[in-house]
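K.L.:
Data: coords.pdb, PDB, C-alpha atoms and all ligand atoms.
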MODEL        1
ATOM      1  CA  MET U   1      39.217  -3.386 -17.677  1.00  0.00           C
ATOM      2  CA  SER U   2      41.649  -5.354 -19.793  1.00  0.00           C
ATOM      3  CA  ASP U   3      43.358  -8.524 -18.641  1.00  0.00           C
ATOM      4  CA  TYR U   4      47.056  -9.243 -18.809  1.00  0.00           C
ATOM      5  CA  ILE U   5      48.217 -12.186 -20.921  1.00  0.00           C
ATOM      6  CA  PHE U   6      50.269 -13.313 -17.914  1.00  0.00           C
ATOM      7  CA  SER U   7      50.687 -12.119 -14.328  1.00  0.00           C
ATOM      8  CA  PRO U   8      52.826  -8.973 -14.053  1.00  0.00           C
ATOM      9  CA  GLN U   9      56.069  -9.237 -12.119  1.00  0.00           C
ATOM     10  CA  PRO U  10      55.790  -8.042  -8.515  1.00  0.00           C
ATOM     11  CA  GLN U  11      56.340  -4.368  -7.734  1.00  0.00           C
ATOM     12  CA  ALA U  12      60.009  -3.705  -6.934  1.00  0.00           C
ATOM     13  CA  ILE U  13      60.350  -2.500  -3.347  1.00  0.00           C
ATOM     14  CA  ALA U  14      62.871  -1.218  -0.854  1.00  0.00           C
ATOM     15  CA  ASP U  15      62.588  -2.005   2.846  1.00  0.00           C
ATOM     16  CA  ILE U  16      62.156   0.849   5.297  1.00  0.00           C
ATOM     17  CA  HIS U  17      63.981   0.971   8.609  1.00  0.00           C
ATOM     18  CA  GLY U  18      61.479   0.745  11.474  1.00  0.00           C
ATOM     19  CA  ASP U  19      58.413   0.427   9.235  1.00  0.00           C
ATOM     20  CA  ASP U  20      56.683  -2.760   8.055  1.00  0.00           C
ATOM     21  CA  ARG U  21      55.579  -1.002   4.902  1.00  0.00           C
ATOM     22  CA  SER U  22      57.784  -0.806   1.792  1.00  0.00           C
ATOM     23  CA  PHE U  23      59.021   1.953  -0.505  1.00  0.00           C
ATOM     24  CA  PRO U  24      57.654   1.100  -3.989  1.00  0.00           C
ATOM     25  CA  VAL U  25      60.491   1.581  -6.452  1.00  0.00           C
ATOM     26  CA  ARG U  26      59.884   3.068  -9.882  1.00  0.00           C
ATOM     27  CA  ARG U  27      63.260   3.675 -11.568  1.00  0.00           C
ATOM     28  CA  ILE U  28      66.907   3.645 -10.504  1.00  0.00           C
ATOM     29  CA  PHE U  29      69.145   6.504 -11.613  1.00  0.00           C
ATOM     30  CA  CYS U  30      72.877   6.456 -10.860  1.00  0.00           C
ATOM     31  CA  VAL U  31      75.409   9.282 -10.968  1.00  0.00           C
ATOM     32  CA  GLY U  32      78.821   8.635 -12.508  1.00  0.00           C
ATOM     33  CA  ARG U  33      82.107   9.914 -11.053  1.00  0.00           C
ATOM     34  CA  ASN U  34      80.723  12.013  -8.215  1.00  0.00           C
ATOM     35  CA  TYR U  35      83.765  11.868  -5.938  1.00  0.00           C
ATOM     36  CA  ALA U  36      86.922  13.539  -7.240  1.00  0.00           C
ATOM     37  CA  ALA U  37      89.287  10.817  -6.021  1.00  0.00           C
ATOM     38  CA  HIS U  38      87.204   8.102  -7.732  1.00  0.00           C
ATOM     39  CA  ALA U  39      87.028  10.109 -10.979  1.00  0.00           C
ATOM     40  CA  ARG U  40      90.832  10.331 -10.889  1.00  0.00           C
ATOM     41  CA  GLU U  41      91.278   6.598 -10.175  1.00  0.00           C
ATOM     42  CA  MET U  42      89.103   5.927 -13.256  1.00  0.00           C
ATOM     43  CA  GLY U  43      91.341   8.255 -15.299  1.00  0.00           C
ATOM     44  CA  PHE U  44      89.167  11.360 -15.565  1.00  0.00           C
ATOM     45  CA  ASP U  45      89.208  15.006 -14.608  1.00  0.00           C
ATOM     46  CA  ASP U  46      87.610  15.619 -11.253  1.00  0.00           C
ATOM     47  CA  ARG U  47      85.100  18.329 -12.172  1.00  0.00           C
ATOM     48  CA  GLU U  48      82.465  17.940 -14.858  1.00  0.00           C
ATOM     49  CA  PRO U  49      78.665  18.198 -14.818  1.00  0.00           C
ATOM     50  CA  PRO U  50      77.016  15.090 -13.349  1.00  0.00           C
ATOM     51  CA  PHE U  51      75.913  12.411 -15.785  1.00  0.00           C
ATOM     52  CA  PHE U  52      73.527   9.549 -15.249  1.00  0.00           C
ATOM     53  CA  PHE U  53      72.941   5.920 -16.128  1.00  0.00           C
ATOM     54  CA  THR U  54      70.188   3.593 -14.964  1.00  0.00           C
ATOM     55  CA  LYS U  55      69.570   0.163 -13.546  1.00  0.00           C
ATOM     56  CA  PRO U  56      66.335  -1.829 -13.737  1.00  0.00           C
ATOM     57  CA  ALA U  57      64.264  -1.671 -10.533  1.00  0.00           C
ATOM     58  CA  ASP U  58      64.304  -5.468 -10.306  1.00  0.00           C
ATOM     59  CA  ALA U  59      68.107  -5.394  -9.894  1.00  0.00           C
ATOM     60  CA  LEU U  60      67.506  -4.482  -6.228  1.00  0.00           C
ATOM     61  CA  VAL U  61      68.556  -6.985  -3.574  1.00  0.00           C
ATOM     62  CA  LYS U  62      68.259  -6.749   0.197  1.00  0.00           C
ATOM     63  CA  THR U  63      71.016  -6.647   2.762  1.00  0.00           C
ATOM     64  CA  GLY U  64      72.060 -10.099   3.921  1.00  0.00           C
ATOM     65  CA  ALA U  65      71.569 -11.564   0.451  1.00  0.00           C
ATOM     66  CA  HIS U  66      73.861 -14.185  -1.035  1.00  0.00           C
ATOM     67  CA  ILE U  67      74.207 -13.435  -4.729  1.00  0.00           C
ATOM     68  CA  PRO U  68      75.990 -15.443  -7.418  1.00  0.00           C
ATOM     69  CA  TYR U  69      79.054 -14.119  -9.228  1.00  0.00           C
ATOM     70  CA  PRO U  70      77.518 -12.595 -12.378  1.00  0.00           C
ATOM     71  CA  PRO U  71      78.039 -13.773 -15.973  1.00  0.00           C
ATOM     72  CA  ILE U  72      80.227 -12.145 -18.684  1.00  0.00           C
ATOM     73  CA  THR U  73      82.771 -10.641 -16.293  1.00  0.00           C
ATOM     74  CA  SER U  74      86.106 -11.411 -14.717  1.00  0.00           C
ATOM     75  CA  ASN U  75      86.423  -7.989 -13.053  1.00  0.00           C
ATOM     76  CA  PHE U  76      83.381  -7.566 -10.807  1.00  0.00           C
ATOM     77  CA  HIS U  77      83.546  -4.392  -8.681  1.00  0.00           C
ATOM     78  CA  TYR U  78      81.800  -2.992  -5.600  1.00  0.00           C
ATOM     79  CA  GLU U  79      80.884   0.713  -5.294  1.00  0.00           C
ATOM     80  CA  ILE U  80      79.413   1.878  -1.969  1.00  0.00           C
ATOM     81  CA  GLU U  81      76.906   4.713  -2.451  1.00  0.00           C
ATOM     82  CA  LEU U  82      74.440   7.003  -0.711  1.00  0.00           C
ATOM     83  CA  VAL U  83      70.984   6.304  -2.181  1.00  0.00           C
ATOM     84  CA  LEU U  84      68.149   8.854  -2.282  1.00  0.00           C
ATOM     85  CA  GLY U  85      64.475   7.886  -2.372  1.00  0.00           C
ATOM     86  CA  ILE U  86      62.310  10.437  -4.169  1.00  0.00           C
ATOM     87  CA  GLY U  87      58.986  11.195  -2.482  1.00  0.00           C
ATOM     88  CA  LYS U  88      57.647  14.087  -4.536  1.00  0.00           C
ATOM     89  CA  ASP U  89      57.289  14.467  -8.311  1.00  0.00           C
ATOM     90  CA  GLY U  90      59.064  17.245 -10.172  1.00  0.00           C
ATOM     91  CA  ALA U  91      60.716  18.505 -13.361  1.00  0.00           C
ATOM     92  CA  ASN U  92      63.250  21.331 -13.600  1.00  0.00           C
ATOM     93  CA  ILE U  93      63.491  21.386  -9.816  1.00  0.00           C
ATOM     94  CA  PRO U  94      65.525  24.371  -8.544  1.00  0.00           C
ATOM     95  CA  VAL U  95      68.519  23.469  -6.364  1.00  0.00           C
ATOM     96  CA  ASP U  96      67.058  25.337  -3.384  1.00  0.00           C
ATOM     97  CA  LYS U  97      63.830  23.291  -3.589  1.00  0.00           C
ATOM     98  CA  ALA U  98      65.420  19.932  -4.413  1.00  0.00           C
ATOM     99  CA  PHE U  99      65.894  18.653  -0.878  1.00  0.00           C
ATOM    100  CA  ASP U 100      62.105  18.725  -0.335  1.00  0.00           C
ATOM    101  CA  HIS U 101      61.804  15.989  -2.975  1.00  0.00           C
ATOM    102  CA  ILE U 102      63.775  13.479  -0.885  1.00  0.00           C
ATOM    103  CA  TRP U 103      61.614  11.033   1.039  1.00  0.00           C
ATOM    104  CA  GLY U 104      64.503   9.166   2.606  1.00  0.00           C
ATOM    105  CA  ALA U 105      68.014   7.851   2.192  1.00  0.00           C
ATOM    106  CA  GLY U 106      69.889   4.603   2.461  1.00  0.00           C
ATOM    107  CA  VAL U 107      73.058   2.647   1.827  1.00  0.00           C
ATOM    108  CA  GLY U 108      73.466   0.881  -1.512  1.00  0.00           C
ATOM    109  CA  ILE U 109      76.074  -0.828  -3.662  1.00  0.00           C
ATOM    110  CA  ASP U 110      76.397  -0.094  -7.383  1.00  0.00           C
ATOM    111  CA  PHE U 111      77.772  -3.467  -8.495  1.00  0.00           C
ATOM    112  CA  THR U 112      79.664  -3.090 -11.755  1.00  0.00           C
ATOM    113  CA  ARG U 113      81.043  -5.472 -14.375  1.00  0.00           C
ATOM    114  CA  ARG U 114      84.054  -3.180 -14.831  1.00  0.00           C
ATOM    115  CA  ASP U 115      85.489  -5.031 -17.821  1.00  0.00           C
ATOM    116  CA  GLN U 116      82.138  -4.750 -19.642  1.00  0.00           C
ATOM    117  CA  GLN U 117      81.712  -1.091 -18.692  1.00  0.00           C
ATOM    118  CA  ILE U 118      85.172  -0.147 -19.958  1.00  0.00           C
ATOM    119  CA  ALA U 119      84.964  -2.228 -23.153  1.00  0.00           C
ATOM    120  CA  HIS U 120      81.627  -0.645 -24.080  1.00  0.00           C
ATOM    121  CA  ARG U 121      82.768   2.830 -23.063  1.00  0.00           C
ATOM    122  CA  GLU U 122      85.836   2.590 -25.292  1.00  0.00           C
ATOM    123  CA  LYS U 123      83.626   1.721 -28.258  1.00  0.00           C
ATOM    124  CA  GLY U 124      81.196   4.540 -27.491  1.00  0.00           C
ATOM    125  CA  ARG U 125      78.503   2.014 -26.626  1.00  0.00           C
ATOM    126  CA  PRO U 126      76.010   2.112 -23.722  1.00  0.00           C
ATOM    127  CA  TRP U 127      77.143   1.158 -20.222  1.00  0.00           C
ATOM    128  CA  ASP U 128      74.148  -1.099 -19.593  1.00  0.00           C
ATOM    129  CA  TRP U 129      75.956  -4.456 -19.692  1.00  0.00           C
ATOM    130  CA  GLY U 130      78.454  -3.085 -17.203  1.00  0.00           C
ATOM    131  CA  LYS U 131      75.903  -1.637 -14.813  1.00  0.00           C
ATOM    132  CA  ALA U 132      72.335  -2.874 -15.336  1.00  0.00           C
ATOM    133  CA  PHE U 133      72.183  -6.598 -14.637  1.00  0.00           C
ATOM    134  CA  ASP U 134      70.611  -9.036 -12.185  1.00  0.00           C
ATOM    135  CA  ASN U 135      71.379  -8.330  -8.495  1.00  0.00           C
ATOM    136  CA  SER U 136      73.409  -5.230  -9.381  1.00  0.00           C
ATOM    137  CA  ALA U 137      71.683  -2.910  -6.881  1.00  0.00           C
ATOM    138  CA  PRO U 138      71.873  -4.051  -3.240  1.00  0.00           C
ATOM    139  CA  LEU U 139      70.072  -1.619  -0.941  1.00  0.00           C
ATOM    140  CA  ALA U 140      69.809  -1.639   2.855  1.00  0.00           C
ATOM    141  CA  PRO U 141      66.528  -0.572   4.515  1.00  0.00           C
ATOM    142  CA  MET U 142      66.060   3.140   3.883  1.00  0.00           C
ATOM    143  CA  LEU U 143      65.503   5.774   6.543  1.00  0.00           C
ATOM    144  CA  ALA U 144      62.709   8.306   6.175  1.00  0.00           C
ATOM    145  CA  MET U 145      64.257  11.774   6.364  1.00  0.00           C
ATOM    146  CA  SER U 146      62.391  12.277   9.659  1.00  0.00           C
ATOM    147  CA  ASP U 147      64.413   9.361  11.097  1.00  0.00           C
ATOM    148  CA  VAL U 148      67.829  10.518   9.834  1.00  0.00           C
ATOM    149  CA  PRO U 149      69.938  11.676  12.808  1.00  0.00           C
ATOM    150  CA  ASP U 150      70.412  15.438  13.124  1.00  0.00           C
ATOM    151  CA  ALA U 151      74.149  15.201  12.385  1.00  0.00           C
ATOM    152  CA  GLN U 152      73.400  13.652   8.962  1.00  0.00           C
ATOM    153  CA  LYS U 153      70.131  15.509   8.284  1.00  0.00           C
ATOM    154  CA  ASP U 154      71.402  17.396   5.231  1.00  0.00           C
ATOM    155  CA  LEU U 155      73.093  14.272   3.763  1.00  0.00           C
ATOM    156  CA  SER U 156      76.322  16.202   3.321  1.00  0.00           C
ATOM    157  CA  LYS U 157      78.506  14.719   6.042  1.00  0.00           C
ATOM    158  CA  GLY U 158      79.260  11.431   7.687  1.00  0.00           C
ATOM    159  CA  ARG U 159      81.616   8.550   6.961  1.00  0.00           C
ATOM    160  CA  ILE U 160      80.911   6.284   3.969  1.00  0.00           C
ATOM    161  CA  TRP U 161      82.891   3.036   3.905  1.00  0.00           C
ATOM    162  CA  LEU U 162      83.079  -0.468   2.466  1.00  0.00           C
ATOM    163  CA  SER U 163      85.047  -3.543   3.472  1.00  0.00           C
ATOM    164  CA  VAL U 164      85.757  -6.867   1.791  1.00  0.00           C
ATOM    165  CA  ASN U 165      86.247  -9.745   4.238  1.00  0.00           C
ATOM    166  CA  ASP U 166      86.541  -7.077   6.965  1.00  0.00           C
ATOM    167  CA  GLU U 167      89.389  -5.254   5.221  1.00  0.00           C
ATOM    168  CA  ILE U 168      88.494  -1.593   4.593  1.00  0.00           C
ATOM    169  CA  LYS U 169      88.583  -0.748   0.869  1.00  0.00           C
ATOM    170  CA  GLN U 170      86.590   2.488   0.603  1.00  0.00           C
ATOM    171  CA  ASP U 171      86.641   5.104   3.358  1.00  0.00           C
ATOM    172  CA  ALA U 172      85.463   8.633   2.690  1.00  0.00           C
ATOM    173  CA  CYS U 173      82.964  11.253   3.784  1.00  0.00           C
ATOM    174  CA  LEU U 174      79.741  12.477   2.184  1.00  0.00           C
ATOM    175  CA  SER U 175      81.324  15.942   2.233  1.00  0.00           C
ATOM    176  CA  ASP U 176      83.600  14.610  -0.544  1.00  0.00           C
ATOM    177  CA  LEU U 177      80.646  14.471  -2.985  1.00  0.00           C
ATOM    178  CA  THR U 178      81.468  16.567  -6.066  1.00  0.00           C
ATOM    179  CA  TRP U 179      77.773  17.409  -6.572  1.00  0.00           C
ATOM    180  CA  ASN U 180      75.623  17.417  -3.445  1.00  0.00           C
ATOM    181  CA  VAL U 181      72.240  15.724  -3.220  1.00  0.00           C
ATOM    182  CA  SER U 182      70.250  18.864  -4.075  1.00  0.00           C
ATOM    183  CA  GLU U 183      72.407  19.562  -7.125  1.00  0.00           C
ATOM    184  CA  ILE U 184      72.053  15.944  -8.293  1.00  0.00           C
ATOM    185  CA  ILE U 185      68.251  16.070  -8.060  1.00  0.00           C
ATOM    186  CA  ALA U 186      68.149  19.445  -9.831  1.00  0.00           C
ATOM    187  CA  PHE U 187      70.368  18.173 -12.677  1.00  0.00           C
ATOM    188  CA  CYS U 188      68.503  14.872 -13.051  1.00  0.00           C
ATOM    189  CA  SER U 189      65.122  16.621 -13.146  1.00  0.00           C
ATOM    190  CA  GLN U 190      66.260  18.758 -16.080  1.00  0.00           C
ATOM    191  CA  SER U 191      66.328  15.625 -18.238  1.00  0.00           C
ATOM    192  CA  VAL U 192      63.498  13.533 -16.812  1.00  0.00           C
ATOM    193  CA  THR U 193      60.475  14.203 -14.643  1.00  0.00           C
ATOM    194  CA  LEU U 194      61.341  12.641 -11.310  1.00  0.00           C
ATOM    195  CA  LYS U 195      58.486  10.690  -9.758  1.00  0.00           C
ATOM    196  CA  ARG U 196      57.765   9.285  -6.337  1.00  0.00           C
ATOM    197  CA  GLY U 197      59.485   5.920  -6.041  1.00  0.00           C
ATOM    198  CA  ASP U 198      62.526   6.851  -8.090  1.00  0.00           C
ATOM    199  CA  LEU U 199      65.891   6.062  -6.488  1.00  0.00           C
ATOM    200  CA  ILE U 200      69.142   7.898  -7.142  1.00  0.00           C
ATOM    201  CA  PHE U 201      72.501   6.237  -6.431  1.00  0.00           C
ATOM    202  CA  THR U 202      74.773   9.228  -5.879  1.00  0.00           C
ATOM    203  CA  GLY U 203      78.200   7.882  -6.870  1.00  0.00           C
ATOM    204  CA  THR U 204      81.071   6.149  -5.104  1.00  0.00           C
ATOM    205  CA  PRO U 205      84.280   7.315  -3.436  1.00  0.00           C
ATOM    206  CA  SER U 206      87.705   5.999  -4.433  1.00  0.00           C
ATOM    207  CA  GLY U 207      88.947   2.534  -3.587  1.00  0.00           C
ATOM    208  CA  VAL U 208      86.794   0.456  -5.933  1.00  0.00           C
ATOM    209  CA  GLY U 209      88.082  -3.011  -6.688  1.00  0.00           C
ATOM    210  CA  ALA U 210      87.290  -6.562  -7.658  1.00  0.00           C
ATOM    211  CA  VAL U 211      85.578  -9.230  -5.573  1.00  0.00           C
ATOM    212  CA  VAL U 212      85.367 -12.979  -6.078  1.00  0.00           C
ATOM    213  CA  ALA U 213      83.084 -15.818  -5.003  1.00  0.00           C
ATOM    214  CA  GLY U 214      83.237 -16.302  -1.244  1.00  0.00           C
ATOM    215  CA  ASP U 215      83.856 -12.633  -0.452  1.00  0.00           C
ATOM    216  CA  VAL U 216      81.734 -10.883   2.164  1.00  0.00           C
ATOM    217  CA  ILE U 217      81.123  -7.243   1.278  1.00  0.00           C
ATOM    218  CA  LYS U 218      80.032  -4.877   4.043  1.00  0.00           C
ATOM    219  CA  GLY U 219      79.469  -1.154   3.904  1.00  0.00           C
ATOM    220  CA  GLY U 220      77.792   1.683   5.646  1.00  0.00           C
ATOM    221  CA  ILE U 221      77.111   5.364   6.004  1.00  0.00           C
ATOM    222  CA  GLU U 222      77.263   7.062   9.387  1.00  0.00           C
ATOM    223  CA  GLY U 223      73.726   7.525  10.693  1.00  0.00           C
ATOM    224  CA  LEU U 224      72.075   5.718   7.759  1.00  0.00           C
ATOM    225  CA  GLY U 225      72.826   2.058   8.424  1.00  0.00           C
ATOM    226  CA  GLU U 226      74.869  -0.770   7.001  1.00  0.00           C
ATOM    227  CA  ILE U 227      74.673  -3.364   4.259  1.00  0.00           C
ATOM    228  CA  GLU U 228      76.176  -6.834   3.866  1.00  0.00           C
ATOM    229  CA  ILE U 229      76.292  -9.008   0.755  1.00  0.00           C
ATOM    230  CA  THR U 230      77.934 -12.409   0.298  1.00  0.00           C
ATOM    231  CA  LEU U 231      79.153 -13.399  -3.152  1.00  0.00           C
ATOM    232  CA  THR U 232      78.712 -17.061  -4.070  1.00  0.00           C
ATOM    233  CA  GLU U 233      79.893 -19.197  -7.005  1.00  0.00           C
ATOM    234  CA  ALA U 234      78.435 -18.353 -10.423  1.00  0.00           C
ATOM    235  CA  GLY U 235      74.850 -19.609 -10.694  1.00  0.00           C
TER     236      GLY U 235
HETATM  237 MN    MN V 301      78.505   4.067  -9.064  1.00  0.00          MN
ENDMDL
END
Show the structure stored in the file as structure tokens.
P.N.:
Amino acid sequence: MSDYIFSPQPQAIADIHGDDRSFPVRRIFCVGRNYAAHAREMGFDDREPPFFFTKPADALVKTGAHIPYPPITSNFHYEIELVLGIGKDGANIPVDKAFDHIWGAGVGIDFTRRDQQIAHREKGRPWDWGKAFDNSAPLAPMLAMSDVPDAQKDLSKGRIWLSVNDEIKQDACLSDLTWNVSEIIAFCSQSVTLKRGDLIFTGTPSGVGAVVAGDVIKGGIEGLGEIEITLTEAG
């Protein structure tokens, strides 16, 4: 057995609602423009195949966290999202088998340095500096699918919302998803082999906007829980 030259960083984890154990996180995939109204507010057609970007697993933060306003941005945006936790490996997963690969679901925020994302996009450069940075992936405790209420069991209905300082900014329904959760998993697994521990952020509804230090950001999905993050002065 070989030794490491220094101690590895701790395993990234997500909390689980009603369980002291954790969900060990492998990778974070995110879907772009998966609600028609959000695609339109970003200036795009509302129907195109799903596309993906990623965040590092150590960008996860827990609900209740106070996080500093991030560097290299003056247009820092919230995006409330349904998050899937993958519990079964698979490549080229058929749509009608995809739901079996979901271990659980939760409420997350895809924090975005919108000015960086747009500047890089316009130059044909990667989105990473707009999307994949420290504290960019808040995630509330996830529910195992067995604990998801019957009314939300297929992850295709239920209110999804976000407020800033208790003013509602995003308010939609999971039925507004352009590509449903099974289709997202099927598409993603055509390009990569999904593994247990992978998370998929499934896109945000319309109403995205900027937040500043001092703002309290709350969000939720009917039946799946709520999340709260407080933004503090730049670190
Ligand atoms: Mn997003």
K.L.:
Kindly resolve the PyMOL selection byres (((chain U and resi 139-151) around 9) and not hetatm) on the present coordinates and return the residues as number ranges by chain.
P.N.:
U: 14-18, 23, 60-64, 83-85, 102-109, 137-138, 152-155, 157-158, 223-228
K.L.:
Calculated over all atoms listed in the file, which of the candidates U:Glu79, U:Asp115, U:Asp176, U:Asp215 has the smallest distance to ligand MN 301 (chain V)?
P.N.:
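Answer, going by the shortest atom-to-atom distance: U:Glu79.
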K.L.:
How would you write, as a ChimeraX atom specification, the set of residues no farther than 7 Å from ligand MN 301 (chain V) when counting all atoms listed in the file?
P.N.:
/U:30-32,79,81,110,201,203-204
K.L.:
Let me know the residues the PyMOL selection byres (((chain U and resi 191) around 12) and not hetatm) catches in the file above, as a count of residues only.
P.N.:
19
K.L.:
For the structure shown, which residues end up in the PyMOL selection byres (((chain U and resi 74) around 12) and not hetatm)? Put them as a list of chain:residue names, please?
P.N.:
U:Tyr69, U:Pro70, U:Pro71, U:Ile72, U:Thr73, U:Asn75, U:Phe76, U:His77, U:Thr112, U:Arg113, U:Arg114, U:Asp115, U:Gln116, U:Gln117, U:Gly130, U:Gly209, U:Ala210, U:Val211, U:Val212, U:Ala213, U:Ala234
K.L.:
When you draw a straight line from atom CA of Tyr4 of chain U to atom CA of Val25 of chain U, how long is it in Å?
P.N.:
21.2 Å
K.L.:
Excluding Asp45 of chain U and any residue of its chain fewer than 3 positions from it, enumerate the residues within 12 Å of it, using all atoms listed in the file, and give them as an mmCIF file with C-alpha atoms, in the frame of the given file.
P.N.:
data_model
loop_
_atom_site.group_PDB
_atom_site.id
_atom_site.type_symbol
_atom_site.label_atom_id
_atom_site.label_comp_id
_atom_site.auth_asym_id
_atom_site.auth_seq_id
_atom_site.Cartn_x
_atom_site.Cartn_y
_atom_site.Cartn_z
ATOM 1 C CA ARG U 33 82.107 9.914 -11.053
ATOM 2 C CA ASN U 34 80.723 12.013 -8.215
ATOM 3 C CA TYR U 35 83.765 11.868 -5.938
ATOM 4 C CA ALA U 36 86.922 13.539 -7.240
ATOM 5 C CA ALA U 37 89.287 10.817 -6.021
ATOM 6 C CA HIS U 38 87.204 8.102 -7.732
ATOM 7 C CA ALA U 39 87.028 10.109 -10.979
ATOM 8 C CA ARG U 40 90.832 10.331 -10.889
ATOM 9 C CA GLU U 41 91.278 6.598 -10.175
ATOM 10 C CA MET U 42 89.103 5.927 -13.256
ATOM 11 C CA GLU U 48 82.465 17.940 -14.858
ATOM 12 C CA PRO U 49 78.665 18.198 -14.818
ATOM 13 C CA THR U 178 81.468 16.567 -6.066
#
K.L.:
Residues at most 8 Å from Ser182 of chain U, counting only C-alpha atoms, excluding those fewer than 3 positions away in the same chain, as an mmCIF file with C-alpha atoms, keeping the file's coordinate frame?
P.N.:
data_model
loop_
_atom_site.group_PDB
_atom_site.id
_atom_site.type_symbol
_atom_site.label_atom_id
_atom_site.label_comp_id
_atom_site.auth_asym_id
_atom_site.auth_seq_id
_atom_site.Cartn_x
_atom_site.Cartn_y
_atom_site.Cartn_z
ATOM 1 C CA VAL U 95 68.519 23.469 -6.364
ATOM 2 C CA ASP U 96 67.058 25.337 -3.384
ATOM 3 C CA LYS U 97 63.830 23.291 -3.589
ATOM 4 C CA ALA U 98 65.420 19.932 -4.413
ATOM 5 C CA PHE U 99 65.894 18.653 -0.878
ATOM 6 C CA ILE U 185 68.251 16.070 -8.060
ATOM 7 C CA ALA U 186 68.149 19.445 -9.831
#
K.L.:
List the neighbours of Val216 of chain U out to 8 Å using all atoms listed in the file; skip same-chain residues closer than 6 positions along the sequence, and give me the result as a list in words.
P.N.:
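In the requested format, the answer is Val164, Asn165, Asp166, Glu228, Ile229, Thr230 and Leu231 of chain U.
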K.L.:
Please list as a list of chain:residue names every residue within 7 Å of Lys55 of chain U, counting only C-alpha atoms and excluding residues in the same chain fewer than 4 positions away.
P.N.:
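With the cut-off at 7 Å, the set is U:Ile28, U:Phe29, U:Ala59, U:Lys131, U:Ala132.
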K.L.:
Keeping only C-alpha atoms, write the selected residues to a file as a PDB file, in the frame of the given file.
P.N.:
ATOM      1  CA  ILE U  28      66.907   3.645 -10.504  1.00  0.00           C
ATOM      2  CA  PHE U  29      69.145   6.504 -11.613  1.00  0.00           C
ATOM      3  CA  ALA U  59      68.107  -5.394  -9.894  1.00  0.00           C
ATOM      4  CA  LYS U 131      75.903  -1.637 -14.813  1.00  0.00           C
ATOM      5  CA  ALA U 132      72.335  -2.874 -15.336  1.00  0.00           C
TER       6      ALA U 132
END
K.L.:
Between atom CA of Trp161 of chain U and atom CA of Leu177 of chain U, what distance in Å does the model show, to one decimal?
P.N.:
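Separation between atom CA of Trp161 of chain U and atom CA of Leu177 of chain U: 13.5 Å.
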K.L.:
Mind giving me the straight-line distance from atom CA of Arg121 of chain U to atom CA of Phe133 of chain U in Å, one decimal?
P.N.:
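Answer for the atom CA of Arg121 of chain U to atom CA of Phe133 of chain U separation: 16.5 Å.
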K.L.:
Taking all atoms listed in the file into account, name the residue in U:Ile80, U:Ala65, U:Ile221, U:Ile86 that is nearest to Ser206 of chain U.
P.N.:
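Using all atoms listed in the file, Ser206 of chain U sits closest to U:Ile80.
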K.L.:
Taking into account all atoms listed in the file, which residue in the set U:Thr54, U:Asn180, U:Gln170, U:Ser136 is nearest to Asp198 of chain U?
P.N.:
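Smallest separation from Asp198 of chain U among the options: U:Thr54.
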K.L.:
Taking into account all atoms listed in the file, which residue in the set U:Lys218, U:Phe6, U:His66, U:Val181 is nearest to Ile200 of chain U?
P.N.:
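Closest candidate: U:Val181.
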